[in-house]
>>> print(open('data-v6.tsv').read())   # TSV, C-alpha atoms and all ligand atoms
chain	number	residue	atom	x	y	z
A	1	MET	CA	-52.25	21.99	-44.74
A	2	LEU	CA	-52.99	18.42	-43.78
A	3	PHE	CA	-52.84	17.17	-40.21
A	4	PRO	CA	-51.35	14.78	-39.65
A	5	PRO	CA	-48.74	15.24	-42.35
A	6	GLN	CA	-48.11	12.29	-44.65
A	7	ILE	CA	-44.38	12.88	-44.93
A	8	ILE	CA	-42.17	14.38	-42.23
A	9	GLY	CA	-38.48	15.07	-42.77
A	10	HIS	CA	-36.69	13.17	-39.98
A	11	ARG	CA	-34.18	15.18	-37.94
A	12	GLY	CA	-34.65	17.77	-40.67
A	13	CYS	CA	-33.68	15.84	-43.75
A	14	ALA	CA	-31.07	13.47	-42.37
A	15	ALA	CA	-30.11	11.66	-45.59
A	16	TYR	CA	-29.05	14.88	-47.29
A	17	ALA	CA	-27.86	17.25	-44.57
A	18	PRO	CA	-26.47	16.78	-41.07
A	19	GLU	CA	-29.25	15.87	-38.66
A	20	ASN	CA	-30.85	18.46	-36.39
A	21	THR	CA	-29.22	21.46	-38.10
A	22	LEU	CA	-30.62	24.58	-39.73
A	23	GLU	CA	-29.13	23.32	-43.02
A	24	GLY	CA	-31.30	20.22	-42.68
A	25	LEU	CA	-34.42	22.35	-42.29
A	26	HIS	CA	-33.51	24.41	-45.35
A	27	THR	CA	-32.77	21.25	-47.34
A	28	ALA	CA	-36.20	19.85	-46.47
A	29	ALA	CA	-37.90	23.11	-47.45
A	30	ASP	CA	-35.93	23.25	-50.71
A	31	MET	CA	-37.32	19.80	-51.55
A	32	GLY	CA	-40.87	20.90	-50.97
A	33	VAL	CA	-41.26	18.93	-47.73
A	34	GLU	CA	-43.99	20.54	-45.60
A	35	TRP	CA	-43.19	19.13	-42.15
A	36	VAL	CA	-39.98	18.31	-40.30
A	37	GLU	CA	-39.15	16.55	-37.06
A	38	PHE	CA	-36.26	17.40	-34.77
A	39	ASP	CA	-35.04	16.44	-31.30
A	40	VAL	CA	-34.73	18.93	-28.46
A	41	LYS	CA	-32.68	18.65	-25.29
A	42	LEU	CA	-31.14	21.09	-22.82
A	43	THR	CA	-27.59	22.27	-22.37
A	44	LYS	CA	-26.25	22.41	-18.83
A	45	ASP	CA	-27.40	26.02	-18.57
A	46	GLN	CA	-30.91	25.15	-19.82
A	47	VAL	CA	-30.73	26.34	-23.40
A	48	PRO	CA	-32.95	24.14	-25.60
A	49	ILE	CA	-30.93	22.91	-28.58
A	50	LEU	CA	-31.50	20.52	-31.47
A	51	PHE	CA	-29.61	17.33	-30.66
A	52	HIS	CA	-30.39	13.63	-30.61
A	53	ASP	CA	-27.72	11.88	-28.55
A	54	GLU	CA	-26.89	12.27	-24.87
A	55	ASP	CA	-23.22	12.44	-25.81
A	56	LEU	CA	-21.64	14.89	-28.23
A	57	GLU	CA	-19.12	12.41	-29.69
A	58	ARG	CA	-20.92	10.96	-32.72
A	59	ILE	CA	-21.87	14.31	-34.18
A	60	THR	CA	-19.09	16.64	-33.05
A	61	GLY	CA	-16.12	14.33	-32.39
A	62	VAL	CA	-15.87	15.86	-28.91
A	63	SER	CA	-16.61	13.48	-26.08
A	64	GLY	CA	-18.80	14.66	-23.24
A	65	ALA	CA	-22.42	14.80	-22.22
A	66	VAL	CA	-24.70	17.54	-23.56
A	67	ALA	CA	-26.05	17.92	-20.04
A	68	ASP	CA	-22.57	18.80	-18.75
A	69	MET	CA	-21.78	21.58	-21.20
A	70	ASN	CA	-22.99	25.15	-21.37
A	71	TYR	CA	-24.41	26.59	-24.56
A	72	GLU	CA	-21.49	28.98	-24.94
A	73	ASP	CA	-19.20	25.95	-25.44
A	74	ILE	CA	-21.70	23.87	-27.43
A	75	ARG	CA	-22.20	26.66	-29.95
A	76	GLN	CA	-18.51	26.50	-30.91
A	77	LEU	CA	-18.76	22.82	-31.95
A	78	ASP	CA	-18.84	21.56	-35.52
A	79	ALA	CA	-21.91	19.39	-36.12
A	80	GLY	CA	-21.52	19.20	-39.87
A	81	SER	CA	-18.10	17.90	-40.88
A	82	TRP	CA	-18.87	14.30	-39.79
A	83	PHE	CA	-21.53	14.34	-42.51
A	84	GLY	CA	-19.54	15.78	-45.36
A	85	GLU	CA	-16.97	18.38	-46.35
A	86	SER	CA	-19.55	20.80	-47.63
A	87	PHE	CA	-21.02	21.04	-44.12
A	88	ILE	CA	-17.82	21.89	-42.24
A	89	GLY	CA	-18.55	24.49	-39.60
A	90	VAL	CA	-22.30	23.88	-39.39
A	91	GLY	CA	-23.31	24.37	-35.76
A	92	ILE	CA	-25.79	22.97	-33.28
A	93	PRO	CA	-28.81	25.28	-33.37
A	94	THR	CA	-30.96	26.50	-30.54
A	95	LEU	CA	-34.68	25.78	-30.64
A	96	GLU	CA	-35.24	29.49	-31.15
A	97	GLN	CA	-32.97	29.62	-34.21
A	98	ALA	CA	-34.73	26.57	-35.62
A	99	VAL	CA	-38.17	28.13	-35.18
A	100	ASP	CA	-36.98	31.22	-37.06
A	101	VAL	CA	-36.17	28.95	-40.01
A	102	LEU	CA	-39.51	27.12	-39.71
A	103	ILE	CA	-41.33	30.44	-39.94
A	104	GLU	CA	-39.13	31.75	-42.75
A	105	ARG	CA	-39.57	28.54	-44.78
A	106	ASN	CA	-43.21	27.93	-43.88
A	107	LEU	CA	-42.59	24.48	-42.34
A	108	GLY	CA	-44.78	22.55	-39.92
A	109	VAL	CA	-42.94	20.82	-37.09
A	110	ASN	CA	-42.90	17.82	-34.82
A	111	VAL	CA	-40.81	18.86	-31.83
A	112	GLU	CA	-39.60	15.68	-30.17
A	113	ILE	CA	-38.66	16.36	-26.56
A	114	LYS	CA	-35.61	14.17	-25.98
A	115	PRO	CA	-34.48	14.89	-22.44
A	116	CYS	CA	-31.22	13.79	-20.89
A	117	PRO	CA	-32.00	11.32	-18.08
A	118	GLY	CA	-33.39	13.05	-15.01
A	119	ARG	CA	-34.24	16.24	-16.89
A	120	GLU	CA	-37.61	15.15	-18.31
A	121	LYS	CA	-39.90	17.74	-16.76
A	122	GLU	CA	-37.40	20.57	-16.99
A	123	THR	CA	-36.71	19.92	-20.69
A	124	ALA	CA	-40.39	19.93	-21.58
A	125	GLU	CA	-41.04	23.06	-19.52
A	126	VAL	CA	-38.20	25.05	-21.05
A	127	ALA	CA	-38.92	23.90	-24.62
A	128	LEU	CA	-42.63	24.67	-24.33
A	129	ASP	CA	-41.93	28.00	-22.71
A	130	VAL	CA	-39.65	29.02	-25.57
A	131	LEU	CA	-42.08	27.69	-28.17
A	132	SER	CA	-45.08	29.46	-26.72
A	133	GLY	CA	-43.27	32.77	-27.03
A	134	ILE	CA	-42.34	32.43	-30.70
A	135	TRP	CA	-44.65	29.95	-32.45
A	136	ASP	CA	-48.36	30.51	-32.78
A	137	ASP	CA	-49.24	28.21	-35.67
A	138	HIS	CA	-50.74	25.47	-33.51
A	139	GLU	CA	-52.25	23.70	-36.50
A	140	ARG	CA	-48.76	22.81	-37.64
A	141	LEU	CA	-47.16	21.78	-34.37
A	142	LEU	CA	-46.91	18.33	-32.84
A	143	ILE	CA	-45.11	17.81	-29.53
A	144	SER	CA	-43.91	14.26	-29.05
A	145	SER	CA	-41.77	12.28	-26.65
A	146	PHE	CA	-40.91	8.77	-25.57
A	147	GLN	CA	-40.98	10.16	-22.02
A	148	HIS	CA	-44.47	10.27	-20.58
A	149	VAL	CA	-43.51	12.99	-18.09
A	150	CYS	CA	-42.71	15.27	-21.03
A	151	LEU	CA	-46.14	14.69	-22.56
A	152	GLU	CA	-47.80	15.14	-19.19
A	153	THR	CA	-46.00	18.47	-18.83
A	154	ALA	CA	-47.14	19.45	-22.32
A	155	LEU	CA	-50.71	18.54	-21.38
A	156	ASP	CA	-50.45	20.74	-18.26
A	157	MET	CA	-48.81	23.68	-20.01
A	158	ALA	CA	-50.45	23.68	-23.43
A	159	ALA	CA	-53.39	21.31	-23.46
A	160	ASP	CA	-54.56	22.48	-26.88
A	161	TRP	CA	-51.27	21.65	-28.66
A	162	ALA	CA	-51.27	18.28	-30.38
A	163	ARG	CA	-49.27	15.58	-28.60
A	164	GLY	CA	-47.66	12.59	-30.32
A	165	PHE	CA	-47.35	9.40	-28.27
A	166	LEU	CA	-44.00	7.87	-29.19
A	167	LEU	CA	-43.85	4.12	-28.75
A	168	PRO	CA	-40.47	2.37	-28.56
A	169	GLU	CA	-39.79	-1.14	-29.87
A	170	GLU	CA	-41.12	-2.61	-26.60
A	171	TRP	CA	-44.52	-1.06	-25.94
A	172	PRO	CA	-45.29	-0.39	-22.27
A	173	GLU	CA	-47.95	-2.75	-20.97
A	174	ASN	CA	-50.30	0.14	-20.12
A	175	TRP	CA	-49.81	1.99	-23.43
A	176	ARG	CA	-53.56	2.34	-24.05
A	177	GLU	CA	-54.20	3.87	-20.63
A	178	LEU	CA	-51.20	6.18	-21.03
A	179	ALA	CA	-52.35	7.35	-24.46
A	180	GLU	CA	-55.80	8.08	-23.10
A	181	TYR	CA	-54.52	9.82	-19.97
A	182	LEU	CA	-52.15	11.98	-22.04
A	183	GLN	CA	-54.94	12.79	-24.52
A	184	VAL	CA	-52.66	12.20	-27.47
A	185	SER	CA	-53.44	13.29	-31.02
A	186	THR	CA	-51.23	10.77	-32.82
A	187	VAL	CA	-49.55	7.44	-32.12
A	188	ASN	CA	-45.98	7.35	-33.44
A	189	LEU	CA	-44.55	3.85	-33.69
A	190	ASP	CA	-41.39	2.23	-34.99
A	191	GLY	CA	-42.44	1.36	-38.53
A	192	ARG	CA	-39.27	-0.61	-39.23
A	193	ILE	CA	-40.15	-3.42	-36.87
A	194	CYS	CA	-43.83	-3.12	-35.99
A	195	THR	CA	-46.27	-5.85	-36.91
A	196	ARG	CA	-49.56	-5.48	-38.70
A	197	GLU	CA	-51.29	-6.46	-35.47
A	198	GLN	CA	-49.58	-3.61	-33.61
A	199	VAL	CA	-50.67	-1.11	-36.25
A	200	GLU	CA	-54.23	-2.41	-35.95
A	201	GLN	CA	-54.11	-2.10	-32.16
A	202	ALA	CA	-52.80	1.46	-32.42
A	203	LEU	CA	-55.57	2.34	-34.89
A	204	GLU	CA	-58.14	1.19	-32.33
A	205	LEU	CA	-57.40	4.41	-30.42
A	206	GLU	CA	-58.94	6.18	-33.44
A	207	LYS	CA	-56.01	8.55	-33.75
A	208	PRO	CA	-53.73	8.93	-36.76
A	209	VAL	CA	-50.74	6.56	-36.70
A	210	LEU	CA	-47.33	7.81	-37.81
A	211	ALA	CA	-44.35	5.51	-38.47
A	212	TYR	CA	-40.64	6.24	-37.95
A	213	THR	CA	-38.10	6.05	-39.59
A	214	ILE	CA	-39.05	4.81	-43.02
A	215	ASN	CA	-36.67	5.25	-45.93
A	216	ASP	CA	-37.78	2.26	-47.98
A	217	PRO	CA	-40.85	2.97	-50.14
A	218	ASP	CA	-41.77	-0.73	-50.25
A	219	ARG	CA	-42.01	-0.83	-46.46
A	220	ALA	CA	-43.97	2.43	-46.55
A	221	ARG	CA	-46.48	0.93	-48.97
A	222	PHE	CA	-47.02	-2.06	-46.66
A	223	LEU	CA	-47.51	0.21	-43.68
A	224	GLN	CA	-49.86	2.41	-45.65
A	225	SER	CA	-51.94	-0.61	-46.64
A	226	TRP	CA	-52.17	-1.52	-42.93
A	227	GLY	CA	-53.58	1.92	-42.18
A	228	VAL	CA	-50.53	4.03	-41.25
A	229	ASP	CA	-51.25	7.67	-42.00
A	230	GLY	CA	-47.84	9.30	-42.15
A	231	PHE	CA	-44.11	8.62	-42.23
A	232	PHE	CA	-40.95	10.10	-40.77
A	233	SER	CA	-38.19	9.77	-43.32
A	234	ASP	CA	-34.54	10.76	-43.71
A	235	ALA	CA	-35.19	10.84	-47.47
A	236	PRO	CA	-38.65	12.39	-47.78
A	237	ASP	CA	-38.31	12.81	-51.54
A	238	VAL	CA	-37.77	9.08	-52.05
A	239	LEU	CA	-40.79	8.24	-49.95
A	240	GLN	CA	-42.92	10.88	-51.61
A	241	ASP	CA	-42.09	9.45	-55.04
A	242	GLY	CA	-42.61	5.87	-53.91
A	243	LEU	CA	-45.95	6.50	-52.28
A	244	PHE	CA	-47.66	9.20	-54.23
A	245	SER	CA	-46.24	9.37	-57.75
A	246	VAL	CA	-48.08	7.71	-60.59
A	247	HIS	CA	-45.65	5.26	-62.22
B	1	LIG	O1	-39.99	11.00	-33.64
B	1	LIG	C1	-39.67	9.95	-34.47
B	1	LIG	C2	-38.23	9.53	-34.33
B	1	LIG	O2	-37.44	10.68	-34.41
B	1	LIG	C3	-37.97	8.81	-33.03
B	1	LIG	O3	-36.70	8.26	-32.97
B	1	LIG	O4	-34.38	8.20	-32.16
B	1	LIG	O5	-34.87	9.21	-34.37
B	1	LIG	O6	-35.54	10.39	-32.29
B	1	LIG	P1	-35.32	9.06	-32.94
B	2	MG	MG	-36.54	12.12	-33.11
>>> encode(input="data-v6.tsv", output="structure tokens", more="lines below")
Ligand code: G3P
Ligand code: MG
Amino acid sequence: MLFPPQIIGHRGCAAYAPENTLEGLHTAADMGVEWVEFDVKLTKDQVPILFHDEDLERITGVSGAVADMNYEDIRQLDAGSWFGESFIGVGIPTLEQAVDVLIERNLGVNVEIKPCPGREKETAEVALDVLSGIWDDHERLLISSFQHVCLETALDMAADWARGFLLPEEWPENWRELAEYLQVSTVNLDGRICTREQVEQALELEKPVLAYTINDPDRARFLQSWGVDGFFSDAPDVLQDGLFSVH
């Protein structure tokens, strides 16, 4: 299997199934997608779960911070009905449950460490600890984060696992030095707003460049022509068709 992957299902397969759920992973696998990305943060009692936001409201309708709630309460929440009636009752999975599905469905994964503020090191440590016990396919694992402490922790704990350097809209001034210090394997930038010059600068590190979150095949073709190697997409099938099908 190719590294880096050309198409990565974003938050599972977020256009077709509720984000960061086991159903999303299955939906991606059903479509023939080979890699998925999901976000990992910790509950109050340090269980790594798949969740993007700091607050539970958007996804579950229950207000409150993830960091303030124990897993026992989080596991009761409905993370599917906001997306559609057919997903009523779909829960928030643990990282461990998600890895079981990855193994069952033969998926590669980009685990994005998305800590709640102040829990950067702890989140990376717990997530990597859990991963190292249950996932041994290091060829198909990419650990990424916007938080440099998380990548530094990954470097300390599992130096041989690939690390993805996530760049936000505003790149830190010392991004080159950081990327080198963290010994990253990929540079993951915001493909919706990046300029051609930024892509060229990122390519100067001589690492593959991945772009998030691209659902428009026309934009993907531009980025590809600038040298971008792979794409995170909510609709991986649309991107796959737009980029690689002969029309
Ligand atoms: O890792 C790529 C992408 O997931 C980063 O943005 O906010 O969707 O986690 P976000
Ligand atoms: Mg993400």
>>> residues_near_ligand(input="data-v6.tsv", ligand="ligand MG 2 (chain B)", cutoff="6 Å", atoms="all atoms listed in the file", output="PDB file with C-alpha atoms, in the frame of the given file")
ATOM      1  CA  PHE A  38     -36.260  17.400 -34.770  1.00  0.00           C
ATOM      2  CA  ASP A  39     -35.040  16.440 -31.300  1.00  0.00           C
ATOM      3  CA  GLU A 112     -39.600  15.680 -30.170  1.00  0.00           C
TER       4      GLU A 112
END
>>> residues_near_ligand(input="data-v6.tsv", ligand="ligand LIG 1 (chain B)", cutoff="7 Å", atoms="all atoms listed in the file", output="VMD selection string")
chain A and resid 10 to 11 37 to 39 52 112 144 166 188 212 to 213 232
>>> residues_around(input="data-v6.tsv", residues="Ser81 of chain A", least_positions_apart="3", cutoff="9 Å", atoms="only C-alpha atoms", output="tab-separated table (two decimals) with C-alpha atoms, in the coordinates of the input")
chain	number	residue	atom	x	y	z
A	18	PRO	CA	-26.47	16.78	-41.07
A	59	ILE	CA	-21.87	14.31	-34.18
A	60	THR	CA	-19.09	16.64	-33.05
A	78	ASP	CA	-18.84	21.56	-35.52
A	84	GLY	CA	-19.54	15.78	-45.36
A	85	GLU	CA	-16.97	18.38	-46.35
A	86	SER	CA	-19.55	20.80	-47.63
A	87	PHE	CA	-21.02	21.04	-44.12
A	88	ILE	CA	-17.82	21.89	-42.24
A	89	GLY	CA	-18.55	24.49	-39.60
A	90	VAL	CA	-22.30	23.88	-39.39
>>> residues_near_point(input="data-v6.tsv", point="(-29.2, 16.3, -31.5)", cutoff="10 Å", atoms="all atoms listed in the file", output="ChimeraX atom specification")
/A:11,18-21,38-41,49-56,58-59,66,79,92-93,114
>>> atom_distance(input="data-v6.tsv", atom1="atom CA of Thr195 of chain A", atom2="atom CA of Trp226 of chain A")
9.5 Å
>>> closest_residue(input="data-v6.tsv", among="A:Ala179, A:Ile134, A:Leu151, A:Leu25", to="Arg105 of chain A", atoms="all atoms listed in the file")
A:Leu25
>>> closest_residue(input="data-v6.tsv", among="A:Arg176, A:Arg219, A:Lys207, A:His26", to="Asp100 of chain A", atoms="all atoms listed in the file")
A:His26
>>> atom_distance(input="data-v6.tsv", atom1="atom CA of Ala15 of chain A", atom2="atom CA of Ser245 of chain A")
20.3 Å
>>> closest_atom_pairs(input="data-v6.tsv", of="segment 13-55 of chain A", to="segment 118-126 of chain A", cutoff="10 Å", atoms="all atoms listed in the file", output="tab-separated table")
residue	atom	partner	partner_atom	distance
A:Val40	CA	A:Thr123	CA	8.1
A:Lys41	CA	A:Thr123	CA	6.2
A:Leu42	CA	A:Thr123	CA	6.1
A:Thr43	CA	A:Thr123	CA	9.6
A:Gln46	CA	A:Val126	CA	7.4
A:Val47	CA	A:Val126	CA	7.9
A:Pro48	CA	A:Val126	CA	7.0
>>> residues_around(input="data-v6.tsv", residues="Ile214 of chain A", least_positions_apart="6", cutoff="8 Å", atoms="only C-alpha atoms", output="ChimeraX atom specification")
/A:191-192,220,231-234,239
>>> atom_distance(input="data-v6.tsv", atom1="atom CA of Val36 of chain A", atom2="atom CA of Gly12 of chain A")
5.4 Å
>>> residues_near_point(input="data-v6.tsv", point="(-42.0, 6.1, -30.6)", cutoff="7 Å", atoms="only C-alpha atoms", output="JSON, numbers by chain")
{"A": [146, 165, 166, 167, 168, 188, 189, 190]}
>>> closest_atom_pairs(input="data-v6.tsv", of="segment 84-150 of chain A", to="segment 156-163 of chain A", cutoff="7 Å", atoms="all atoms listed in the file", output="CSV")
residue,atom,partner,partner_atom,distance
A:His138,CA,A:Trp161,CA,6.2
A:Leu141,CA,A:Ala162,CA,6.7
A:Leu142,CA,A:Ala162,CA,5.0
A:Ile143,CA,A:Arg163,CA,4.8
A:Ser144,CA,A:Arg163,CA,5.5
>>> closest_residue(input="data-v6.tsv", among="A:Glu169, A:Glu204, A:Asp241, A:Glu104", to="Thr186 of chain A", atoms="only C-alpha atoms")
A:Glu204
>>> closest_residue(input="data-v6.tsv", among="A:Leu128, A:Leu22, A:Ala235, A:Leu223", to="Gly80 of chain A", atoms="only C-alpha atoms")
A:Leu22
>>> axis_aligned_box(input="data-v6.tsv", around="segment 235-241 of chain A", padding_each_side="5 Å", output="AutoDock Vina command-line options")
--center_x -39.1 --center_y 10.5 --center_z -51.3 --size_x 17.7 --size_y 14.6 --size_z 17.6
>>> closest_residue(input="data-v6.tsv", among="A:Glu200, A:Asp45, A:Glu170, A:Glu34", to="Pro5 of chain A", atoms="only C-alpha atoms")
A:Glu34
>>> decode(input="data-v6.tsv", residues="segment 217-228 of chain A", atoms="all heavy atoms", output="CSV table (one decimal), in the first residue's frame")
chain,number,residue,atom,x,y,z
A,217,PRO,N,-13.2,18.4,-6.6
A,217,PRO,CA,-12.1,17.8,-7.4
A,217,PRO,C,-11.4,18.9,-8.3
A,217,PRO,O,-10.2,18.6,-8.6
A,217,PRO,CB,-12.9,16.9,-8.4
A,217,PRO,CG,-14.3,16.8,-7.8
A,217,PRO,CD,-14.5,17.9,-6.9
A,218,ASP,N,-12.0,20.0,-8.6
A,218,ASP,CA,-11.3,21.0,-9.4
A,218,ASP,C,-10.1,21.6,-8.5
A,218,ASP,O,-9.0,21.8,-9.0
A,218,ASP,CB,-12.2,22.2,-9.8
A,218,ASP,CG,-13.2,21.7,-10.8
A,218,ASP,OD1,-12.8,20.8,-11.6
A,218,ASP,OD2,-14.3,22.3,-10.9
A,219,ARG,N,-10.4,21.9,-7.2
A,219,ARG,CA,-9.4,22.4,-6.3
A,219,ARG,C,-8.3,21.3,-6.2
A,219,ARG,O,-7.1,21.6,-6.2
A,219,ARG,CB,-10.0,22.7,-5.0
A,219,ARG,CG,-9.0,23.2,-3.9
A,219,ARG,CD,-8.4,24.6,-4.3
A,219,ARG,NE,-7.5,25.0,-3.2
A,219,ARG,CZ,-6.6,26.1,-3.3
A,219,ARG,NH1,-6.6,26.8,-4.5
A,219,ARG,NH2,-5.9,26.4,-2.3
A,220,ALA,N,-8.7,20.1,-6.1
A,220,ALA,CA,-7.7,19.0,-5.9
A,220,ALA,C,-6.8,18.9,-7.1
A,220,ALA,O,-5.6,18.7,-7.0
A,220,ALA,CB,-8.5,17.6,-5.7
A,221,ARG,N,-7.4,19.1,-8.3
A,221,ARG,CA,-6.5,19.0,-9.5
A,221,ARG,C,-5.5,20.2,-9.5
A,221,ARG,O,-4.3,20.0,-9.9
A,221,ARG,CB,-7.4,19.1,-10.8
A,221,ARG,CG,-7.9,17.7,-11.2
A,221,ARG,CD,-8.5,17.7,-12.5
A,221,ARG,NE,-9.8,18.3,-12.5
A,221,ARG,CZ,-11.0,17.7,-12.3
A,221,ARG,NH1,-11.0,16.4,-12.1
A,221,ARG,NH2,-12.1,18.3,-12.2
A,222,PHE,N,-5.9,21.3,-9.1
A,222,PHE,CA,-4.9,22.5,-9.0
A,222,PHE,C,-3.8,22.1,-8.0
A,222,PHE,O,-2.6,22.2,-8.3
A,222,PHE,CB,-5.6,23.7,-8.4
A,222,PHE,CG,-6.1,24.7,-9.4
A,222,PHE,CD1,-7.4,25.0,-9.6
A,222,PHE,CD2,-5.2,25.3,-10.3
A,222,PHE,CE1,-7.9,25.8,-10.5
A,222,PHE,CE2,-5.6,26.2,-11.3
A,222,PHE,CZ,-7.0,26.4,-11.4
A,223,LEU,N,-4.2,21.6,-6.8
A,223,LEU,CA,-3.2,21.3,-5.8
A,223,LEU,C,-2.3,20.2,-6.3
A,223,LEU,O,-1.1,20.2,-6.0
A,223,LEU,CB,-4.0,20.9,-4.5
A,223,LEU,CG,-4.7,22.0,-3.8
A,223,LEU,CD1,-5.7,21.4,-2.7
A,223,LEU,CD2,-3.8,23.0,-3.1
A,224,GLN,N,-2.9,19.2,-7.0
A,224,GLN,CA,-2.1,18.2,-7.5
A,224,GLN,C,-1.0,18.7,-8.5
A,224,GLN,O,0.1,18.3,-8.5
A,224,GLN,CB,-3.0,17.1,-8.2
A,224,GLN,CG,-2.3,15.8,-8.4
A,224,GLN,CD,-3.2,14.8,-9.0
A,224,GLN,OE1,-4.0,15.1,-9.9
A,224,GLN,NE2,-3.2,13.6,-8.5
A,225,SER,N,-1.5,19.6,-9.3
A,225,SER,CA,-0.5,20.2,-10.3
A,225,SER,C,0.6,21.0,-9.7
A,225,SER,O,1.6,21.2,-10.2
A,225,SER,CB,-1.3,21.0,-11.4
A,225,SER,OG,-1.7,22.2,-10.8
A,226,TRP,N,0.3,21.5,-8.4
A,226,TRP,CA,1.3,22.3,-7.7
A,226,TRP,C,2.3,21.3,-7.0
A,226,TRP,O,3.3,21.8,-6.4
A,226,TRP,CB,0.7,23.2,-6.7
A,226,TRP,CG,-0.2,24.3,-7.2
A,226,TRP,CD1,-0.3,24.6,-8.5
A,226,TRP,CD2,-1.1,25.1,-6.5
A,226,TRP,NE1,-1.2,25.6,-8.7
A,226,TRP,CE2,-1.7,25.9,-7.4
A,226,TRP,CE3,-1.5,25.2,-5.1
A,226,TRP,CZ2,-2.7,26.9,-7.0
A,226,TRP,CZ3,-2.4,26.2,-4.8
A,226,TRP,CH2,-3.0,27.0,-5.7
A,227,GLY,N,1.9,20.0,-6.9
A,227,GLY,CA,2.8,19.1,-6.3
A,227,GLY,C,2.3,18.4,-5.0
A,227,GLY,O,3.0,17.6,-4.4
A,228,VAL,N,1.0,18.7,-4.7
A,228,VAL,CA,0.4,18.0,-3.5
A,228,VAL,C,0.3,16.5,-3.8
A,228,VAL,O,-0.2,16.1,-4.8
A,228,VAL,CB,-0.9,18.7,-3.1
A,228,VAL,CG1,-1.7,17.9,-2.1
A,228,VAL,CG2,-0.7,20.1,-2.6
